[in-house]
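To start, the structure under review is shown below, and the notes come after it.
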Amino acid sequence: MKGTARFRALGMKERALVAVGVLLDGHDAADFLVSDKERHLALTRAARDLAELPPDLRMPLLGSLLRRTLDELE
(Lines give C-alpha, C1' and ligand atoms only; values in the text may rest on other atoms or scores of the structure.)
Protein backbone atom coordinates (compact mmCIF):
# COMPACT_ATOMS: atom_id res chain seq x y z
CA MET A 1 0.00 0.00 0.00
CA LYS A 2 1.28 3.44 -0.89
CA GLY A 3 2.46 5.32 2.17
CA THR A 4 3.50 2.26 4.16
CA ALA A 5 6.64 1.12 2.31
CA ARG A 6 9.04 3.17 4.42
CA PHE A 7 7.15 2.22 7.57
CA ARG A 8 7.44 -1.49 6.77
CA ALA A 9 11.19 -1.12 6.18
CA LEU A 10 11.70 0.00 9.79
CA GLY A 11 12.56 -2.29 12.67
CA MET A 12 9.78 -3.43 14.98
CA LYS A 13 10.50 -0.94 17.77
CA GLU A 14 10.85 1.87 15.24
CA ARG A 15 7.51 0.94 13.65
CA ALA A 16 5.85 1.08 17.05
CA LEU A 17 7.42 4.47 17.75
CA VAL A 18 6.33 5.93 14.41
CA ALA A 19 2.81 4.48 14.67
CA VAL A 20 2.26 5.91 18.15
CA GLY A 21 3.75 9.24 17.11
CA VAL A 22 1.52 9.63 14.07
CA LEU A 23 -1.56 8.42 15.94
CA LEU A 24 -1.00 10.99 18.68
CA ASP A 25 0.51 13.92 16.79
CA GLY A 26 -0.33 13.46 13.11
CA HIS A 27 1.84 15.71 10.96
CA ASP A 28 3.78 16.93 14.01
CA ALA A 29 5.18 13.44 14.66
CA ALA A 30 7.94 14.02 12.12
CA ASP A 31 9.04 17.12 14.04
CA PHE A 32 9.53 15.03 17.18
CA LEU A 33 11.14 12.05 15.46
CA VAL A 34 13.78 14.23 13.83
CA SER A 35 15.48 14.40 17.23
CA ASP A 36 16.50 10.71 16.98
CA LYS A 37 20.27 10.87 16.65
CA GLU A 38 20.83 7.85 14.41
CA ARG A 39 17.62 7.05 12.51
CA HIS A 40 15.92 10.44 12.23
CA LEU A 41 15.78 10.41 8.44
CA ALA A 42 14.06 7.02 8.15
CA LEU A 43 11.69 7.75 11.03
CA THR A 44 10.64 11.17 9.79
CA ARG A 45 10.13 9.97 6.22
CA ALA A 46 7.93 7.10 7.38
CA ALA A 47 5.96 9.42 9.67
CA ARG A 48 5.42 11.98 6.91
CA ASP A 49 4.24 9.29 4.48
CA LEU A 50 1.71 7.99 7.00
CA ALA A 51 0.58 11.45 8.08
CA GLU A 52 -0.24 12.27 4.45
CA LEU A 53 -2.88 9.54 4.32
CA PRO A 54 -6.48 10.73 4.76
CA PRO A 55 -7.45 10.61 8.47
CA ASP A 56 -10.31 8.17 7.88
CA LEU A 57 -7.77 5.70 6.45
CA ARG A 58 -4.76 6.66 8.57
CA MET A 59 -6.29 6.09 11.99
CA PRO A 60 -7.61 2.52 11.53
CA LEU A 61 -4.58 1.54 9.44
CA LEU A 62 -2.12 2.73 12.07
CA GLY A 63 -4.10 1.05 14.81
CA SER A 64 -3.87 -2.25 12.93
CA LEU A 65 -0.18 -1.79 12.13
CA LEU A 66 0.59 -0.93 15.74
CA ARG A 67 -1.28 -3.98 17.06
CA ARG A 68 0.54 -6.24 14.60
CA THR A 69 3.91 -4.73 15.53
CA LEU A 70 3.26 -5.11 19.26
CA ASP A 71 2.24 -8.74 18.71
CA GLU A 72 5.54 -9.34 16.92
CA LEU A 73 7.49 -7.71 19.75
CA GLU A 74 6.04 -10.13 22.33
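Each chain in the C-alpha coordinates gets a letter, A, B, ..., in the order shown, and its residues are numbered from 1; ligands are numbered from 1 in order too.
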
**OP:** Do a neighbour search on Ala47 of chain A at 7 Å with only C-alpha atoms, toss out local chain neighbours closer than 6 positions, and write the hits as an NGL selection string.
**Re:** :A and (18 or 22 or 29-30)

Original post:
Taking into account only C-alpha atoms, which residue in the set A:Asp49, A:Ser64, A:Leu70, A:Arg58 is nearest to Leu17 of chain A?
Top reply: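 Between A:Asp49, A:Ser64, A:Leu70, A:Arg58, the residue approaching Leu17 of chain A most closely is A:Leu70.
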
**OP:** Name all residues at most 12 Å from His27 of chain A (count only C-alpha atoms; drop same-chain ones fewer than 2 positions away) and give them as a list in words.
**Re:**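 Here the answer would be Val18, Ala19, Gly21, Val22, Leu23, Leu24, Asp25, Ala29, Ala30, Asp31, Phe32, Leu33, Thr44, Arg45, Ala46, Ala47, Arg48, Asp49, Leu50, Ala51, Glu52, Leu53, Pro54, Pro55 and Arg58 of chain A.
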
Generate the output file for the selected residues, N, CA and C atoms, as a PDB file, in the first residue's frame.
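Final output, part-v1.pdb:
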```
ATOM      1  N   VAL A  18       6.921   5.104  15.470  1.00  0.00           N
ATOM      2  CA  VAL A  18       6.327   5.935  14.412  1.00  0.00           C
ATOM      3  C   VAL A  18       4.804   5.848  14.460  1.00  0.00           C
ATOM      4  N   ALA A  19       4.272   4.649  14.637  1.00  0.00           N
ATOM      5  CA  ALA A  19       2.809   4.482  14.675  1.00  0.00           C
ATOM      6  C   ALA A  19       2.200   5.276  15.823  1.00  0.00           C
ATOM      7  N   GLY A  21       3.536   7.821  17.381  1.00  0.00           N
ATOM      8  CA  GLY A  21       3.755   9.243  17.112  1.00  0.00           C
ATOM      9  C   GLY A  21       2.735   9.823  16.157  1.00  0.00           C
ATOM     10  N   VAL A  22       2.476   9.119  15.067  1.00  0.00           N
ATOM     11  CA  VAL A  22       1.522   9.627  14.073  1.00  0.00           C
ATOM     12  C   VAL A  22       0.092   9.551  14.601  1.00  0.00           C
ATOM     13  N   LEU A  23      -0.225   8.502  15.349  1.00  0.00           N
ATOM     14  CA  LEU A  23      -1.564   8.423  15.940  1.00  0.00           C
ATOM     15  C   LEU A  23      -1.818   9.586  16.897  1.00  0.00           C
ATOM     16  N   LEU A  24      -0.826   9.937  17.682  1.00  0.00           N
ATOM     17  CA  LEU A  24      -1.002  10.992  18.678  1.00  0.00           C
ATOM     18  C   LEU A  24      -0.829  12.395  18.114  1.00  0.00           C
ATOM     19  N   ASP A  25       0.139  12.574  17.224  1.00  0.00           N
ATOM     20  CA  ASP A  25       0.506  13.918  16.787  1.00  0.00           C
ATOM     21  C   ASP A  25       0.299  14.208  15.307  1.00  0.00           C
ATOM     22  N   ALA A  29       4.343  14.563  14.238  1.00  0.00           N
ATOM     23  CA  ALA A  29       5.176  13.436  14.664  1.00  0.00           C
ATOM     24  C   ALA A  29       6.568  13.522  14.043  1.00  0.00           C
ATOM     25  N   ALA A  30       6.641  13.918  12.787  1.00  0.00           N
ATOM     26  CA  ALA A  30       7.943  14.020  12.124  1.00  0.00           C
ATOM     27  C   ALA A  30       8.840  15.038  12.820  1.00  0.00           C
ATOM     28  N   ASP A  31       8.256  16.105  13.336  1.00  0.00           N
ATOM     29  CA  ASP A  31       9.042  17.123  14.043  1.00  0.00           C
ATOM     30  C   ASP A  31       9.673  16.566  15.316  1.00  0.00           C
ATOM     31  N   PHE A  32       8.988  15.641  15.968  1.00  0.00           N
ATOM     32  CA  PHE A  32       9.533  15.033  17.183  1.00  0.00           C
ATOM     33  C   PHE A  32      10.536  13.933  16.851  1.00  0.00           C
ATOM     34  N   LEU A  33      10.266  13.167  15.810  1.00  0.00           N
ATOM     35  CA  LEU A  33      11.136  12.047  15.457  1.00  0.00           C
ATOM     36  C   LEU A  33      12.463  12.499  14.858  1.00  0.00           C
ATOM     37  N   THR A  44      11.436  10.024  10.227  1.00  0.00           N
ATOM     38  CA  THR A  44      10.638  11.173   9.788  1.00  0.00           C
ATOM     39  C   THR A  44      10.006  10.938   8.424  1.00  0.00           C
ATOM     40  N   ARG A  45      10.709  10.264   7.542  1.00  0.00           N
ATOM     41  CA  ARG A  45      10.128   9.970   6.223  1.00  0.00           C
ATOM     42  C   ARG A  45       8.918   9.055   6.358  1.00  0.00           C
ATOM     43  N   ALA A  46       9.050   8.016   7.173  1.00  0.00           N
ATOM     44  CA  ALA A  46       7.930   7.100   7.376  1.00  0.00           C
ATOM     45  C   ALA A  46       6.749   7.829   8.017  1.00  0.00           C
ATOM     46  N   ALA A  47       7.027   8.672   8.998  1.00  0.00           N
ATOM     47  CA  ALA A  47       5.964   9.419   9.673  1.00  0.00           C
ATOM     48  C   ALA A  47       5.271  10.376   8.706  1.00  0.00           C
ATOM     49  N   ARG A  48       6.027  11.054   7.871  1.00  0.00           N
ATOM     50  CA  ARG A  48       5.420  11.975   6.908  1.00  0.00           C
ATOM     51  C   ARG A  48       4.555  11.235   5.898  1.00  0.00           C
ATOM     52  N   ASP A  49       5.046  10.083   5.427  1.00  0.00           N
ATOM     53  CA  ASP A  49       4.242   9.289   4.483  1.00  0.00           C
ATOM     54  C   ASP A  49       2.904   8.903   5.101  1.00  0.00           C
ATOM     55  N   LEU A  50       2.948   8.421   6.333  1.00  0.00           N
ATOM     56  CA  LEU A  50       1.714   7.986   7.000  1.00  0.00           C
ATOM     57  C   LEU A  50       0.803   9.166   7.333  1.00  0.00           C
ATOM     58  N   ALA A  51       1.382  10.281   7.733  1.00  0.00           N
ATOM     59  CA  ALA A  51       0.581  11.455   8.081  1.00  0.00           C
ATOM     60  C   ALA A  51      -0.138  12.037   6.867  1.00  0.00           C
ATOM     61  N   GLU A  52       0.377  11.768   5.674  1.00  0.00           N
ATOM     62  CA  GLU A  52      -0.244  12.273   4.452  1.00  0.00           C
ATOM     63  C   GLU A  52      -1.495  11.496   4.055  1.00  0.00           C
ATOM     64  N   LEU A  53      -1.675  10.314   4.624  1.00  0.00           N
ATOM     65  CA  LEU A  53      -2.880   9.540   4.318  1.00  0.00           C
ATOM     66  C   LEU A  53      -4.107  10.254   4.874  1.00  0.00           C
ATOM     67  N   PRO A  54      -5.254  10.114   4.237  1.00  0.00           N
ATOM     68  CA  PRO A  54      -6.479  10.728   4.765  1.00  0.00           C
ATOM     69  C   PRO A  54      -6.776  10.187   6.168  1.00  0.00           C
ATOM     70  N   PRO A  55      -7.228  11.039   7.086  1.00  0.00           N
ATOM     71  CA  PRO A  55      -7.455  10.607   8.471  1.00  0.00           C
ATOM     72  C   PRO A  55      -8.375   9.399   8.612  1.00  0.00           C
ATOM     73  N   ARG A  58      -5.962   6.668   7.729  1.00  0.00           N
ATOM     74  CA  ARG A  58      -4.756   6.658   8.567  1.00  0.00           C
ATOM     75  C   ARG A  58      -5.004   6.089   9.954  1.00  0.00           C
TER      76      ARG A  58
END
```

Original post:
What gap, in Å, lies between atom CA of Leu62 of chain A and atom CA of Arg39 of chain A?
Top reply: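 Interatomic distance, atom CA of Leu62 of chain A to atom CA of Arg39 of chain A: 20.2 Å.
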
Subject >> Which of chain A DSSP labels helix (DSSP H, G or I), written as a PyMOL selection string >> reply: chain A and resi 5-8+12-33+40-51+55-73

**OP:** Would you please work out which residue, of A:Leu61, A:Asp71, A:Val34, A:Leu66, is nearest to Ala16 of chain A when using only C-alpha atoms?
**Re:**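 The shortest atom-to-atom distance to Ala16 of chain A comes from A:Leu66.
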
Subject >> Gap from atom CA of Arg68 of chain A to atom CA of Glu38 of chain A - Å, one decimal >> reply: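 Answer for the atom CA of Arg68 of chain A to atom CA of Glu38 of chain A separation: 24.7 Å.
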
Original post:
Do you have the atom CA of Gly63 of chain A-atom CA of Phe7 of chain A distance handy?
Top reply: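 One can read the atom CA of Gly63 of chain A to atom CA of Phe7 of chain A distance as 13.4 Å.
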
Original post:
Which one of A:Met59, A:Val20, A:Leu41, A:Leu65 sits closest to Arg8 of chain A if you count only C-alpha atoms?
Top reply: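 Of A:Met59, A:Val20, A:Leu41, A:Leu65, the one nearest Arg8 of chain A is A:Leu65, counting only C-alpha atoms.
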